[in-house]
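Colleague: mmCIF, C-alpha atoms and all ligand atoms, file upload-v1.cif:
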```cif
data_entry
#
loop_
_atom_site.label_atom_id
_atom_site.label_comp_id
_atom_site.auth_asym_id
_atom_site.auth_seq_id
_atom_site.Cartn_x
_atom_site.Cartn_y
_atom_site.Cartn_z
CA THR A 1 -61.57 -12.60 -5.27
CA PRO A 2 -60.60 -12.33 -8.95
CA VAL A 3 -57.91 -9.81 -9.84
CA THR A 4 -59.32 -7.16 -12.10
CA THR A 5 -57.44 -5.40 -14.91
CA ASP A 6 -57.52 -2.23 -12.86
CA MET A 7 -55.78 -3.95 -9.99
CA ARG A 8 -53.14 -5.37 -12.33
CA THR A 9 -52.36 -1.89 -13.62
CA LEU A 10 -52.20 -0.63 -10.08
CA ILE A 11 -49.80 -3.40 -9.03
CA LYS A 12 -47.57 -2.61 -12.04
CA GLU A 13 -47.55 1.08 -11.07
CA VAL A 14 -46.59 0.25 -7.50
CA GLU A 15 -43.82 -2.05 -8.69
CA LYS A 16 -42.47 0.61 -11.02
CA PHE A 17 -42.48 3.16 -8.22
CA ALA A 18 -40.70 0.73 -5.88
CA GLN A 19 -38.03 0.12 -8.51
CA GLN A 20 -37.46 3.83 -8.99
CA ARG A 21 -37.08 4.35 -5.26
CA LYS A 22 -34.60 1.49 -5.14
CA THR A 23 -32.45 3.07 -7.85
CA GLU A 24 -32.58 6.41 -6.05
CA ILE A 25 -31.55 4.80 -2.78
CA GLU A 26 -28.66 3.02 -4.53
CA LYS A 27 -27.48 6.33 -5.98
CA LEU A 28 -27.66 8.01 -2.57
CA LYS A 29 -25.72 5.14 -1.01
CA ILE A 30 -22.95 5.52 -3.59
CA ARG A 31 -22.83 9.26 -3.00
CA GLU A 32 -22.71 8.76 0.74
CA ALA A 33 -19.88 6.23 0.49
CA TYR A 34 -18.00 8.66 -1.74
CA ARG A 35 -18.53 11.51 0.73
CA LYS A 36 -17.34 9.38 3.64
CA GLU A 37 -14.22 8.32 1.77
CA PHE A 38 -13.49 11.93 0.86
CA MET A 39 -13.91 13.13 4.46
CA GLY A 40 -11.69 10.30 5.67
CA ASN A 41 -8.99 11.29 3.21
CA VAL A 42 -9.27 14.96 4.11
CA SER A 43 -8.84 14.48 7.83
CA HIS A 44 -5.96 12.12 7.21
CA GLU A 45 -4.22 14.70 4.99
CA LEU A 46 -4.68 17.50 7.52
CA LYS A 47 -3.61 15.53 10.58
CA THR A 48 0.08 15.17 9.78
CA PRO A 49 0.84 18.88 9.30
CA LEU A 50 -1.42 19.81 12.24
CA PHE A 51 0.44 17.47 14.58
CA THR A 52 3.74 18.85 13.32
CA VAL A 53 2.73 22.42 14.05
CA GLN A 54 1.33 21.44 17.44
CA GLY A 55 4.56 19.62 18.25
CA TYR A 56 6.69 22.72 17.67
CA ILE A 57 4.37 24.96 19.65
CA LEU A 58 4.20 22.56 22.61
CA THR A 59 7.98 22.22 22.68
CA LEU A 60 8.32 25.99 22.73
CA LEU A 61 5.79 26.34 25.53
CA ASP A 62 7.64 23.65 27.41
CA GLY A 63 10.57 25.99 27.81
CA ALA A 64 12.41 25.73 24.51
CA MET A 65 11.51 29.34 23.71
CA ASP A 66 13.94 30.61 26.34
CA ASP A 67 16.65 30.01 23.77
CA PRO A 68 16.21 32.70 21.09
CA ALA A 69 17.88 30.56 18.40
CA ILE A 70 15.50 27.65 19.02
CA LEU A 71 12.55 30.01 19.27
CA ASP A 72 13.36 31.34 15.84
CA LYS A 73 13.94 27.92 14.31
CA TYR A 74 10.77 26.34 15.68
CA LEU A 75 8.58 29.30 14.83
CA ASN A 76 9.86 29.07 11.27
CA ARG A 77 9.08 25.38 11.11
CA ALA A 78 5.61 25.89 12.58
CA SER A 79 5.03 28.60 10.02
CA LYS A 80 6.09 26.21 7.22
CA GLY A 81 3.58 23.69 8.56
CA VAL A 82 0.82 26.30 8.48
CA GLU A 83 1.84 27.22 4.94
CA ARG A 84 1.48 23.58 3.96
CA LEU A 85 -1.98 23.43 5.59
CA ILE A 86 -3.10 26.47 3.61
CA TYR A 87 -1.81 24.84 0.43
CA ILE A 88 -3.73 21.63 1.14
CA VAL A 89 -6.93 23.50 2.03
CA ASN A 90 -6.68 25.54 -1.19
CA ASP A 91 -6.31 22.34 -3.21
CA LEU A 92 -9.25 20.79 -1.37
CA ASP A 93 -11.35 23.82 -2.10
CA MET A 94 -10.42 23.66 -5.77
CA ILE A 95 -11.10 19.93 -6.17
CA THR A 96 -14.48 20.25 -4.43
CA LYS A 97 -15.50 23.01 -6.81
CA LEU A 98 -14.22 21.13 -9.84
CA GLU A 99 -15.96 17.89 -8.89
CA ALA A 100 -19.23 19.70 -8.29
CA GLY A 101 -18.89 21.47 -11.65
CA ASP A 102 -19.02 24.78 -9.78
CA LEU A 103 -16.05 26.36 -11.43
CA ASN A 104 -16.99 28.62 -14.28
CA LEU A 105 -14.19 29.06 -16.76
CA SER A 106 -13.51 32.55 -18.00
CA TYR A 107 -12.10 32.25 -21.48
CA THR A 108 -9.77 34.85 -22.96
CA ASN A 109 -7.13 34.87 -25.68
CA PHE A 110 -3.64 34.92 -24.21
CA ASP A 111 -0.03 34.12 -25.09
CA ILE A 112 0.90 30.66 -23.82
CA VAL A 113 4.63 31.35 -24.38
CA GLU A 114 4.51 34.23 -21.94
CA LEU A 115 2.52 32.16 -19.42
CA VAL A 116 5.08 29.31 -19.47
CA GLN A 117 7.83 31.88 -18.92
CA SER A 118 6.04 33.40 -15.93
CA VAL A 119 5.52 29.98 -14.33
CA PHE A 120 9.22 29.22 -14.85
CA ASP A 121 10.06 32.45 -13.06
CA LEU A 122 7.91 31.35 -10.09
CA TYR A 123 9.71 28.03 -9.65
CA GLU A 124 13.24 28.98 -10.64
CA MET A 125 14.41 28.95 -7.02
CA LYS A 126 12.78 25.63 -6.26
CA ALA A 127 14.47 24.09 -9.31
CA ALA A 128 17.82 25.66 -8.46
CA LYS A 129 17.81 23.88 -5.07
CA LYS A 130 18.05 20.56 -6.92
CA ASN A 131 20.14 22.07 -9.68
CA ILE A 132 17.39 21.28 -12.17
CA ALA A 133 17.52 23.23 -15.41
CA LEU A 134 14.17 24.64 -16.58
CA THR A 135 14.33 24.76 -20.34
CA PHE A 136 11.83 26.01 -22.82
CA ASP A 137 12.27 24.46 -26.21
CA MET A 138 11.19 27.46 -28.17
CA ASN A 139 11.56 27.80 -31.83
CA TYR A 140 8.87 30.33 -31.29
CA SER A 141 9.99 33.81 -30.55
CA ASN A 142 6.51 34.93 -31.48
CA PRO A 143 3.52 34.77 -29.20
CA ILE A 144 1.19 31.78 -29.51
CA LEU A 145 -2.34 32.85 -28.78
CA VAL A 146 -4.63 30.28 -27.20
CA HIS A 147 -8.25 30.46 -26.12
CA ALA A 148 -8.72 29.21 -22.55
CA ASP A 149 -9.04 30.24 -18.90
CA LYS A 150 -5.62 31.76 -18.26
CA GLU A 151 -5.63 31.46 -14.48
CA ARG A 152 -6.66 27.79 -14.60
CA ILE A 153 -4.08 26.95 -17.29
CA GLN A 154 -1.46 28.66 -15.17
CA GLN A 155 -2.45 26.29 -12.38
CA VAL A 156 -2.14 23.28 -14.71
CA LEU A 157 1.34 24.38 -15.77
CA SER A 158 2.34 25.10 -12.18
CA ASN A 159 1.21 21.69 -10.93
CA LEU A 160 3.00 19.84 -13.75
CA ILE A 161 6.19 21.88 -13.45
CA VAL A 162 6.27 21.59 -9.65
CA ASN A 163 5.83 17.81 -9.96
CA SER A 164 8.65 17.56 -12.48
CA ILE A 165 10.89 19.34 -9.98
CA LYS A 166 9.66 17.37 -6.94
CA TYR A 167 10.06 14.00 -8.64
CA GLY A 168 12.98 15.08 -10.80
CA LYS A 169 16.53 14.03 -10.06
CA GLU A 170 19.38 16.25 -8.90
CA ASP A 171 21.05 17.97 -11.88
CA GLY A 172 18.13 16.91 -14.07
CA THR A 173 16.02 18.88 -16.50
CA THR A 174 12.44 20.01 -16.88
CA GLU A 175 11.58 20.90 -20.41
CA VAL A 176 8.46 22.57 -21.72
CA SER A 177 7.68 22.51 -25.41
CA ILE A 178 4.77 23.67 -27.51
CA GLU A 179 3.86 22.16 -30.82
CA ASP A 180 1.09 22.77 -33.33
CA LEU A 181 -1.32 19.95 -33.92
CA ILE A 182 -3.76 19.76 -36.76
CA ARG A 183 -6.39 22.42 -37.29
CA ASN A 184 -6.77 24.77 -34.36
CA LYS A 185 -5.03 22.68 -31.71
CA THR A 186 -1.71 23.04 -30.00
CA ILE A 187 -0.06 20.68 -27.49
CA VAL A 188 1.98 21.68 -24.44
CA ARG A 189 4.43 19.13 -23.07
CA VAL A 190 6.18 19.07 -19.70
CA THR A 191 9.01 16.54 -19.73
CA ASP A 192 11.45 15.48 -17.03
CA ASN A 193 14.16 12.87 -16.66
CA GLY A 194 13.32 12.14 -13.04
CA GLU A 195 12.17 9.10 -11.11
CA GLY A 196 9.45 8.20 -13.61
CA ILE A 197 6.31 6.15 -12.94
CA ALA A 198 5.92 2.39 -13.33
CA GLN A 199 3.18 1.44 -15.83
CA ALA A 200 1.07 -0.23 -13.14
CA HIS A 201 0.44 3.13 -11.43
CA ILE A 202 -0.46 5.10 -14.53
CA PRO A 203 -4.19 4.29 -14.70
CA ARG A 204 -4.73 5.59 -11.15
CA LEU A 205 -2.36 8.54 -11.25
CA PHE A 206 -5.05 11.18 -11.77
CA GLU A 207 -7.28 9.97 -8.94
CA ARG A 208 -7.44 12.30 -6.00
CA PHE A 209 -5.08 11.39 -3.11
CA TYR A 210 -3.39 8.70 -5.21
CA ARG A 211 0.38 8.66 -4.79
CA VAL A 212 3.02 6.30 -6.01
CA ASN A 213 5.36 6.99 -3.15
CA LYS A 214 3.42 8.23 -0.12
CA SER A 215 6.27 9.36 2.07
CA GLY A 216 8.09 10.95 -0.86
CA SER A 217 5.03 12.99 -1.78
CA ARG A 218 4.31 14.13 1.78
CA LYS A 219 7.94 15.07 2.34
CA GLU A 220 7.71 17.25 -0.75
CA GLY A 221 4.60 18.91 0.64
CA GLY A 222 2.19 17.39 -1.86
CA SER A 223 -1.55 17.15 -1.22
CA GLY A 224 -2.02 14.24 -3.63
CA LEU A 225 -4.53 16.42 -5.49
CA GLY A 226 -2.32 18.11 -8.07
CA LEU A 227 -2.93 15.77 -10.98
CA ALA A 228 -6.63 15.33 -10.19
CA ILE A 229 -6.98 19.12 -10.39
CA VAL A 230 -5.01 19.20 -13.65
CA LYS A 231 -7.24 16.56 -15.26
CA HIS A 232 -10.45 18.28 -14.16
CA ILE A 233 -9.32 21.66 -15.51
CA ILE A 234 -8.28 20.23 -18.89
CA GLU A 235 -11.50 18.24 -19.20
CA ALA A 236 -13.58 21.28 -18.28
CA HIS A 237 -11.97 22.91 -21.33
CA HIS A 238 -12.97 19.84 -23.41
CA GLU A 239 -9.28 19.25 -24.11
CA ARG A 240 -7.11 16.14 -23.84
CA ILE A 241 -4.44 15.18 -21.32
CA TYR A 242 -1.77 12.50 -21.78
CA VAL A 243 0.96 10.90 -19.75
CA GLU A 244 3.94 8.91 -20.95
CA SER A 245 6.31 7.64 -18.34
CA ASP A 246 8.75 4.95 -17.46
CA TYR A 247 10.16 4.03 -14.10
CA ARG A 248 13.59 5.60 -13.55
CA VAL A 249 13.60 7.10 -17.04
CA GLY A 250 11.32 10.10 -16.76
CA SER A 251 7.84 11.40 -17.46
CA GLU A 252 6.06 13.51 -19.98
CA PHE A 253 2.67 15.10 -19.25
CA SER A 254 1.00 16.86 -22.14
CA PHE A 255 -2.27 18.61 -22.83
CA THR A 256 -3.99 20.23 -25.77
CA LEU A 257 -5.30 23.78 -26.10
CA GLU A 258 -7.30 25.66 -28.68
CA LYS A 259 -5.25 28.04 -30.78
CA VAL A 260 -6.64 31.37 -31.81
CA LYS A 261 -6.81 31.45 -35.60
CA LYS A 262 -7.26 34.52 -37.74
CA PHE A 263 -10.19 32.85 -39.45
CA PRO A 264 -12.45 30.13 -38.10
CA VAL A 265 -11.50 26.57 -39.01
CA VAL A 266 -14.14 24.79 -41.06
CA ASP A 267 -14.06 21.03 -41.55
CA VAL A 268 -15.18 20.49 -45.16
CA SER A 269 -14.45 16.75 -45.36
CA THR A 270 -17.32 14.76 -46.74
CA LYS A 271 -16.32 11.40 -45.31
CA THR A 272 -16.52 10.89 -41.59
CA THR A 273 -13.81 8.87 -39.89
P1 LIG A 301 1.36 14.97 -5.08
O1 LIG A 301 0.89 16.06 -4.21
O2 LIG A 301 1.57 13.68 -4.35
O3 LIG A 301 2.53 15.35 -5.93
P2 LIG A 301 -0.11 14.69 -7.60
O4 LIG A 301 -1.56 14.43 -7.83
O5 LIG A 301 0.45 15.94 -8.18
O6 LIG A 301 0.09 14.65 -6.03
O7 LIG A 301 0.70 13.45 -8.14
C1 LIG A 301 0.32 12.14 -7.79
C2 LIG A 301 1.51 11.20 -7.77
O8 LIG A 301 2.00 11.02 -9.10
C3 LIG A 301 2.70 11.72 -6.99
O9 LIG A 301 2.61 11.40 -5.62
C4 LIG A 301 3.86 11.01 -7.67
O10 LIG A 301 4.00 9.72 -7.11
C5 LIG A 301 3.39 10.85 -9.11
N1 LIG A 301 3.98 11.87 -10.02
C6 LIG A 301 3.39 13.01 -10.46
N2 LIG A 301 4.18 13.69 -11.31
C7 LIG A 301 5.31 12.96 -11.44
C8 LIG A 301 6.54 13.13 -12.19
N3 LIG A 301 6.74 14.19 -12.99
N4 LIG A 301 7.47 12.13 -12.07
C9 LIG A 301 7.25 11.06 -11.29
N5 LIG A 301 6.15 10.86 -10.55
C10 LIG A 301 5.18 11.79 -10.62
#
```
Go through the file and emit its structure as structure tokens.
Modeller:
Amino acid sequence: TPVTTDMRTLIKEVEKFAQQRKTEIEKLKIREAYRKEFMGNVSHELKTPLFTVQGYILTLLDGAMDDPAILDKYLNRASKGVERLIYIVNDLDMITKLEAGDLNLSYTNFDIVELVQSVFDLYEMKAAKKNIALTFDMNYSNPILVHADKERIQQVLSNLIVNSIKYGKEDGTTEVSIEDLIRNKTIVRVTDNGEGIAQAHIPRLFERFYRVNKSGSRKEGGSGLGLAIVKHIIEAHHERIYVESDYRVGSEFSFTLEKVKKFPVVDVSTKTT
């Protein structure tokens, strides 16, 4: 039988529909693979601290708790393991929200100088254990007002400062500095003279669960999510994040923020660049 024009149109429609379905299926497959990889990573991350905690509890039940000194020591270690689990779960929760775009930022104007100081106060003890000096290169005695989500920026600063201590060397330094950029932008830098990162690792550094030195990171209690969280938060603010590092020399992580100006900044240039 001859193929009519109507049939040709119909065949085209069917083909188009089939193609659309194929693309949808491909997308779902990618999402499914991504989900599987994520779940695999998550269980792997949780297993080590869970086994550690279980180990201490089983040893205690096995009779070790008859000795009060050991009881105390092992309970403390088990508690540290639980603390670590909570930390990992919190990071997982945060990265899930960030990746799904479920985290609404609440913007306010706040003093970034004061925020850096408060984060330093939080990690002073941790730094002191490695005799690392936390220094704030401040020519600014005045407040610097920025427009951002304060709680999230505090998390960014915390993650970067904690990393600079974790991967910093004994008797080293962690320095934070703030500098004005053009127009209404300011840049915050966190610099250390620690173990540094070889160039080959830099492109993957901000991927979740990516670590240069796996055992080093786990020993330090890292979840492998810190930098991924940092990048998401900065990008959610539509700001920029940079890393400069060299193996055995040190690292500098920096990010931009919007400064609060008395008057709005208007770009009056005629030529576009
Ligand atoms: P982690 O929990 O492993 O610290 P992050 O996402 O915060 O996870 O960092 C990823 C990896 O990047 C770390 O495991 C470490 O190898 C490397 N890294 C991060 N910050 C620094 C730094 N300041 N100096 C050297 N290496 C770093």
Colleague: Show me which residues sit within 7 Å of ligand LIG 301 (chain A) when counting only C-alpha atoms and all ligand atoms, and put them as an NGL selection string.
Modeller: :A and (159-160 or 163-164 or 167-168 or 192 or 194-197 or 205-206 or 208-214 or 217-218 or 221-228 or 250-251)
Colleague: Closest to Val53 in chain A among A:Arg77, A:Lys261, A:Lys12, A:His238, using only C-alpha atoms?
Modeller: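 When distances to Val53 in chain A are compared using only C-alpha atoms, the smallest one comes from A:Arg77.
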Colleague: One decimal, Å: what's the distance from CA of Glu45 in chain A over to CA of Tyr242 in chain A, could you say?
Modeller: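 Taking CA of Glu45 in chain A and CA of Tyr242 in chain A, their separation equals 27.0 Å.
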Colleague: Write out as an MDAnalysis selection string each polymer residue whose atoms come within 12 Å of Asp102 in chain A, counting all atoms listed in the file; drop sequence neighbours fewer than 5 positions from it.
Modeller: chainID A and resid 93:97 232:233 236
Colleague: I'd like to know which of A:Arg152, A:Lys73, A:Lys126, A:Lys169 is closest to Tyr107 in chain A, using only C-alpha atoms.
Modeller: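 Smallest distance to Tyr107 in chain A is found for A:Arg152.
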Colleague: Env of Thr135 in chain A: 10 Å cut, atoms = all atoms listed in the file, seq-sep filter 2 positions within chain, self excluded. Answer as a ChimeraX atom specification.
Modeller: /A:117,120,132-133,137-138,173-177,190-191
Colleague: Identify which of the residues A:Ser245, A:Thr5, A:Thr48, A:Ser79 lies closest to Ala198 in chain A, counting all atoms listed in the file when measuring atom-to-atom distances.
Modeller: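 Looking only at the distances to Ala198 in chain A, the closest residue turns out to be A:Ser245.
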Colleague: Please, what is the axis-aligned box for every listed atom of range 22-39 of chain A with 4 Å on each side, as centre and edge lengths in Å to one decimal, as AutoDock Vina command-line options?
Modeller:
```
--center_x -24.0 --center_y 7.3 --center_z -1.7 --size_x 29.1 --size_y 19.6 --size_z 20.3
```
Colleague: For Val146 in chain A, which of A:Val230, A:Met125, A:Val260, A:Ile182 is the closest residue, counting all atoms listed in the file?
Modeller: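 Between A:Val230, A:Met125, A:Val260, A:Ile182, the residue approaching Val146 in chain A most closely is A:Val260.
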Colleague: Closest to Tyr123 in chain A among A:Val82, A:Leu157, A:Leu105, A:Ala33, using all atoms listed in the file?
Modeller: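 Checking each candidate against Tyr123 in chain A, we get A:Leu157 as the closest.
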Colleague: With a distance cut-off of 10 Å and all atoms listed in the file, select the neighbouring residues of Ser118 in chain A, excluding the residue or stretch itself and same-chain residues fewer than 6 positions from it, and output the selection as a ChimeraX atom specification.
Modeller: /A:112,124,154,158
Colleague: What would range 9-20 of chain A look like with N, CA, C and O atoms restored, written as a compact mmCIF listing (two decimals), in the frame of the given file?
Modeller:
```
# COMPACT_ATOMS: atom_id res chain seq x y z
N THR A 9 -53.04 -3.15 -13.26
CA THR A 9 -52.36 -1.89 -13.62
C THR A 9 -51.80 -1.24 -12.36
O THR A 9 -50.67 -0.74 -12.35
N LEU A 10 -52.60 -1.25 -11.33
CA LEU A 10 -52.20 -0.63 -10.08
C LEU A 10 -50.94 -1.30 -9.52
O LEU A 10 -49.98 -0.63 -9.13
N ILE A 11 -50.97 -2.65 -9.54
CA ILE A 11 -49.80 -3.40 -9.03
C ILE A 11 -48.55 -3.04 -9.84
O ILE A 11 -47.49 -2.77 -9.28
N LYS A 12 -48.71 -2.96 -11.17
CA LYS A 12 -47.57 -2.61 -12.04
C LYS A 12 -47.02 -1.23 -11.66
O LYS A 12 -45.81 -1.02 -11.59
N GLU A 13 -47.95 -0.28 -11.43
CA GLU A 13 -47.55 1.08 -11.07
C GLU A 13 -46.73 1.07 -9.78
O GLU A 13 -45.69 1.73 -9.68
N VAL A 14 -47.25 0.32 -8.80
CA VAL A 14 -46.59 0.25 -7.50
C VAL A 14 -45.19 -0.35 -7.65
O VAL A 14 -44.21 0.14 -7.10
N GLU A 15 -45.12 -1.41 -8.47
CA GLU A 15 -43.82 -2.05 -8.69
C GLU A 15 -42.82 -1.10 -9.35
O GLU A 15 -41.66 -1.04 -8.96
N LYS A 16 -43.32 -0.35 -10.30
CA LYS A 16 -42.47 0.61 -11.02
C LYS A 16 -41.93 1.67 -10.03
O LYS A 16 -40.75 1.99 -10.04
N PHE A 17 -42.84 2.15 -9.21
CA PHE A 17 -42.48 3.16 -8.22
C PHE A 17 -41.42 2.61 -7.25
O PHE A 17 -40.42 3.28 -6.96
N ALA A 18 -41.64 1.36 -6.81
CA ALA A 18 -40.70 0.73 -5.88
C ALA A 18 -39.32 0.61 -6.52
O ALA A 18 -38.29 0.86 -5.89
N GLN A 19 -39.29 0.27 -7.81
CA GLN A 19 -38.03 0.12 -8.51
C GLN A 19 -37.29 1.46 -8.61
O GLN A 19 -36.09 1.53 -8.36
N GLN A 20 -38.08 2.50 -8.90
CA GLN A 20 -37.46 3.83 -8.99
C GLN A 20 -36.84 4.24 -7.67
O GLN A 20 -35.74 4.77 -7.61
```
